[in-house]
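Data file: upload.cif. Format and content: mmCIF, C-alpha atoms.
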```
data_work
#
loop_
_atom_site.group_PDB
_atom_site.id
_atom_site.type_symbol
_atom_site.label_atom_id
_atom_site.label_comp_id
_atom_site.auth_asym_id
_atom_site.auth_seq_id
_atom_site.Cartn_x
_atom_site.Cartn_y
_atom_site.Cartn_z
ATOM 1 C CA ALA S 36 0.000 0.000 0.000
ATOM 2 C CA VAL S 37 1.200 3.487 -0.827
ATOM 3 C CA GLY S 38 1.245 5.917 2.101
ATOM 4 C CA ALA S 39 -0.825 9.094 1.813
ATOM 5 C CA ARG S 40 1.224 12.095 0.709
ATOM 6 C CA SER S 41 0.047 14.364 3.435
ATOM 7 C CA VAL S 42 1.204 17.310 5.477
ATOM 8 C CA GLU S 43 0.552 14.984 8.428
ATOM 9 C CA ASP S 44 3.112 12.438 7.160
ATOM 10 C CA GLN S 45 6.337 12.935 9.142
ATOM 11 C CA GLU S 46 8.496 11.366 6.422
ATOM 12 C CA HIS S 47 7.178 13.820 3.823
ATOM 13 C CA ARG S 48 7.845 16.749 6.159
ATOM 14 C CA PHE S 49 11.419 15.583 6.612
ATOM 15 C CA VAL S 50 12.030 15.018 2.902
ATOM 16 C CA ALA S 51 10.629 18.508 2.181
ATOM 17 C CA SER S 52 13.310 19.897 4.526
ATOM 18 C CA GLY S 53 16.037 18.572 2.226
ATOM 19 C CA ILE S 54 14.756 19.912 -1.099
ATOM 20 C CA ASP S 55 16.097 23.235 -2.403
ATOM 21 C CA VAL S 56 12.961 24.374 -4.222
ATOM 22 C CA PRO S 57 9.742 25.946 -2.949
ATOM 23 C CA ILE S 58 7.501 23.285 -1.409
ATOM 24 C CA GLY S 59 3.843 23.973 -0.715
ATOM 25 C CA LEU S 60 2.129 22.182 2.138
ATOM 26 C CA LYS S 61 -1.677 22.093 2.044
ATOM 27 C CA ASN S 62 -3.821 22.180 5.118
ATOM 28 C CA PRO S 63 -5.385 18.766 5.829
ATOM 29 C CA THR S 64 -9.020 18.163 4.907
ATOM 30 C CA SER S 65 -9.887 18.739 8.585
ATOM 31 C CA GLY S 66 -8.871 22.367 8.029
ATOM 32 C CA ASN S 67 -6.516 22.320 11.037
ATOM 33 C CA LEU S 68 -3.986 25.096 10.370
ATOM 34 C CA ASN S 69 -1.734 23.969 13.250
ATOM 35 C CA VAL S 70 -1.133 20.651 11.482
ATOM 36 C CA MET S 71 -0.095 22.460 8.294
ATOM 37 C CA PHE S 72 2.107 24.964 10.111
ATOM 38 C CA ASN S 73 3.761 22.177 12.132
ATOM 39 C CA GLY S 74 4.576 20.608 8.773
ATOM 40 C CA ILE S 75 5.990 23.884 7.428
ATOM 41 C CA TYR S 76 8.030 24.282 10.630
ATOM 42 C CA ALA S 77 9.463 20.773 10.206
ATOM 43 C CA ALA S 78 10.253 21.424 6.540
ATOM 44 C CA GLN S 79 11.942 24.770 7.244
ATOM 45 C CA ASN S 80 14.214 23.357 9.937
ATOM 46 C CA GLN S 81 17.160 20.969 9.910
ATOM 47 C CA GLN S 82 16.203 17.329 10.240
ATOM 48 C CA HIS S 83 18.127 14.156 11.015
ATOM 49 C CA PHE S 84 16.312 10.927 10.172
ATOM 50 C CA LEU S 85 16.480 7.502 8.560
ATOM 51 C CA TYR S 86 15.181 7.219 4.995
ATOM 52 C CA ASN S 87 15.193 3.861 3.183
ATOM 53 C CA GLY S 88 17.761 2.613 5.691
ATOM 54 C CA ALA S 89 20.147 5.552 5.181
ATOM 55 C CA GLU S 90 20.921 8.281 7.684
ATOM 56 C CA VAL S 91 19.919 11.691 6.299
ATOM 57 C CA LYS S 92 20.693 15.198 7.551
ATOM 58 C CA THR S 93 18.986 18.169 5.942
ATOM 59 C CA ASP S 94 19.612 21.907 6.107
ATOM 60 C CA GLY S 95 15.927 22.843 6.135
ATOM 61 C CA ASN S 96 13.939 24.410 3.325
ATOM 62 C CA SER S 97 13.215 28.078 4.037
ATOM 63 C CA LEU S 98 10.924 28.122 0.973
ATOM 64 C CA ALA S 99 8.340 25.708 2.422
ATOM 65 C CA HIS S 100 4.994 27.533 2.441
ATOM 66 C CA ALA S 101 1.237 27.288 3.035
ATOM 67 C CA ILE S 102 -1.449 26.261 0.565
ATOM 68 C CA LEU S 103 -5.008 26.922 1.712
ATOM 69 C CA ARG S 104 -7.259 24.269 0.152
ATOM 70 C CA GLY S 105 -10.399 24.544 2.237
ATOM 71 C CA ALA S 106 -11.729 21.730 4.396
ATOM 72 C CA ASN S 107 -14.607 19.328 5.026
ATOM 73 C CA ASN S 108 -16.617 19.150 8.215
ATOM 74 C CA GLU S 109 -17.937 15.942 9.790
ATOM 75 C CA ASN S 110 -21.081 16.203 7.622
ATOM 76 C CA GLY S 111 -19.056 16.342 4.408
ATOM 77 C CA GLN S 112 -19.790 20.033 3.869
ATOM 78 C CA ASN S 113 -17.148 22.305 2.368
ATOM 79 C CA ILE S 114 -15.487 24.873 4.617
ATOM 80 C CA VAL S 115 -13.615 27.557 2.703
ATOM 81 C CA ASN S 116 -10.412 29.154 3.977
ATOM 82 C CA TYR S 117 -9.588 31.903 1.465
ATOM 83 C CA HIS S 118 -11.646 34.716 3.043
ATOM 84 C CA TYR S 119 -10.022 37.800 4.555
ATOM 85 C CA GLU S 120 -10.226 36.411 8.107
ATOM 86 C CA ASP S 121 -8.691 33.101 6.992
ATOM 87 C CA LEU S 122 -5.734 34.876 5.394
ATOM 88 C CA VAL S 123 -5.205 36.961 8.547
ATOM 89 C CA LYS S 124 -5.316 33.756 10.646
ATOM 90 C CA ALA S 125 -2.674 32.172 8.405
ATOM 91 C CA LEU S 126 -0.490 35.296 8.712
ATOM 92 C CA ASP S 127 -0.788 35.068 12.503
ATOM 93 C CA LYS S 128 0.291 31.415 12.368
ATOM 94 C CA TYR S 129 3.401 32.352 10.368
ATOM 95 C CA SER S 130 4.323 34.747 13.199
ATOM 96 C CA GLU S 131 3.347 32.318 15.953
ATOM 97 C CA PHE S 132 5.558 29.584 14.470
ATOM 98 C CA ASN S 133 8.363 32.087 13.725
ATOM 99 C CA LEU S 134 8.656 30.881 10.128
ATOM 100 C CA GLU S 135 10.744 32.349 7.335
ATOM 101 C CA ASN S 136 9.476 33.660 4.004
ATOM 102 C CA PRO S 137 5.729 33.842 4.697
ATOM 103 C CA PHE S 138 4.029 32.826 1.474
ATOM 104 C CA ILE S 139 0.439 31.708 0.891
ATOM 105 C CA LEU S 140 -1.063 30.087 -2.171
ATOM 106 C CA VAL S 141 -4.839 29.833 -2.371
ATOM 107 C CA ASP S 142 -6.067 26.596 -3.918
ATOM 108 C CA THR S 143 -9.131 27.774 -5.787
ATOM 109 C CA ASN S 144 -10.430 24.266 -6.358
ATOM 110 C CA HIS S 145 -10.969 21.388 -3.926
ATOM 111 C CA ASP S 146 -12.983 22.343 -0.854
ATOM 112 C CA ASN S 147 -12.627 26.082 -1.461
ATOM 113 C CA SER S 148 -14.795 25.852 -4.577
ATOM 114 C CA GLY S 149 -16.675 22.669 -3.752
ATOM 115 C CA LYS S 150 -15.069 21.374 -6.974
ATOM 116 C CA ARG S 151 -17.240 23.784 -8.989
ATOM 117 C CA TYR S 152 -14.640 25.071 -11.406
ATOM 118 C CA LEU S 153 -16.374 28.339 -12.348
ATOM 119 C CA GLU S 154 -16.239 29.393 -8.668
ATOM 120 C CA GLN S 155 -12.461 29.641 -9.054
ATOM 121 C CA ILE S 156 -12.859 32.987 -10.845
ATOM 122 C CA ARG S 157 -14.753 34.475 -7.905
ATOM 123 C CA ILE S 158 -12.220 33.105 -5.405
ATOM 124 C CA VAL S 159 -9.320 34.715 -7.288
ATOM 125 C CA ARG S 160 -11.191 38.036 -7.467
ATOM 126 C CA GLN S 161 -11.996 37.985 -3.767
ATOM 127 C CA THR S 162 -8.384 37.193 -2.856
ATOM 128 C CA LEU S 163 -7.127 40.054 -5.047
ATOM 129 C CA ILE S 164 -9.560 42.433 -3.322
ATOM 130 C CA ASN S 165 -8.256 41.232 0.065
ATOM 131 C CA ARG S 166 -4.694 41.901 -1.128
ATOM 132 C CA ASP S 167 -5.683 45.477 -2.013
ATOM 133 C CA TRP S 168 -7.361 45.896 1.368
ATOM 134 C CA ASN S 169 -4.466 44.700 3.557
ATOM 135 C CA GLU S 170 -0.772 45.372 2.931
ATOM 136 C CA LYS S 171 0.344 42.248 4.842
ATOM 137 C CA ILE S 172 -1.981 40.028 2.815
ATOM 138 C CA ASN S 173 -0.693 41.752 -0.333
ATOM 139 C CA LYS S 174 2.886 40.767 0.540
ATOM 140 C CA VAL S 175 2.103 37.178 1.535
ATOM 141 C CA ALA S 176 -0.809 35.913 -0.597
ATOM 142 C CA ARG S 177 1.210 35.532 -3.778
ATOM 143 C CA GLY S 178 -0.385 32.921 -5.937
ATOM 144 C CA PHE S 179 -3.131 30.488 -6.775
ATOM 145 C CA MET S 180 -3.535 26.850 -7.619
ATOM 146 C CA ILE S 181 -6.129 26.779 -10.387
ATOM 147 C CA GLU S 182 -7.484 23.657 -12.050
ATOM 148 C CA SER S 183 -8.395 23.875 -15.662
ATOM 149 C CA SER S 184 -10.955 21.637 -17.305
ATOM 150 C CA LEU S 185 -11.942 21.166 -20.900
ATOM 151 C CA GLU S 186 -15.326 19.953 -19.697
ATOM 152 C CA ASP S 187 -17.325 20.369 -16.534
ATOM 153 C CA GLY S 188 -16.935 17.572 -13.991
ATOM 154 C CA ARG S 189 -14.360 14.878 -13.491
ATOM 155 C CA GLN S 190 -12.465 13.502 -16.479
ATOM 156 C CA ASP S 191 -10.993 10.074 -15.852
ATOM 157 C CA ALA S 192 -8.101 8.805 -17.956
ATOM 158 C CA PRO S 193 -9.466 6.880 -20.936
ATOM 159 C CA ASP S 194 -9.296 3.112 -20.812
ATOM 160 C CA ALA S 195 -6.162 1.997 -22.716
ATOM 161 C CA ARG S 196 -8.220 -0.316 -24.939
ATOM 162 C CA GLN S 197 -10.657 2.503 -25.704
ATOM 163 C CA ALA S 198 -7.788 4.868 -26.574
ATOM 164 C CA ARG S 199 -6.462 2.464 -29.268
ATOM 165 C CA GLU S 200 -9.811 2.207 -31.046
#
```

Is it possible to give me this structure as structure tokens?
Amino acid sequence: AVGARSVEDQEHRFVASGIDVPIGLKNPTSGNLNVMFNGIYAAQNQQHFLYNGAEVKTDGNSLAHAILRGANNENGQNIVNYHYEDLVKALDKYSEFNLENPFILVDTNHDNSGKRYLEQIRIVRQTLINRDWNEKINKVARGFMIESSLEDGRQDAPDARQARE
């Protein structure tokens, strides 16, 4: 079985601390920002761990950053986390955890849009308005994850046999 690639996975946090490129860590589907920021903290700091039987020491990745993807509550309802107050909360967490290079990407799909792709336009607009409204948000909310679709809904990979016909 393949382990979930999650901000909650300690091994992934440690590996992220040894990569010299920006690494985004999404909040878990529970929406718990502390879990995400603990992951960013682990990725930004030096780590010493075993990986595939080898001893690994990392320097930390100061470019590890937050991706706000929304959440799901216990009833399966979407909870968004791109609003003004959510961005301010994330900024506060950057300070609380004493992290370097505060950087937030807003994932306009997933639970933030309820997987309704046309909502992504509104989410980008609202985030840009929030950037204009608050200088700190303007400096830190620097990008978006946007899913593009040729058609509405989910497109599964075509069956290999079907693709040959």

> If you count all atoms listed in the file, which residues fall within 6 Å of range 68-83 of chain S, apart from same-chain ones fewer than 3 positions away, as an MDAnalysis selection string?
Replying inline: chainID S and resid 42 48:49 51:52 62 91:97 99

> What do you get, as a PyMOL selection string, if you spell out every residue that the PyMOL selection byres ((chain S and resi 132-145) around 8) selects here?
Replying inline: chain S and resi 59+72-73+75-76+79+97-98+100-105+117+126+128-131+146-152+154-155+158-159+175-182

Coordinates of box centre and edge lengths for range 58-74 of chain S, 6 Å on every side, axis-aligned, as JSON:
```
{"center_x": -1.2, "center_y": 21.6, "center_z": 5.9, "size_x": 29.4, "size_y": 18.9, "size_z": 26.7}
```

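Pairwise distance (CA of Glu43 in chain S, CA of Gly66 in chain S) equals 12.0 Å.
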
>> To one decimal place in Å, what is the distance between CA of Asn107 in chain S and CA of Asp121 in chain S?
In response: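 CA of Asp121 in chain S lies 15.1 Å from CA of Asn107 in chain S.
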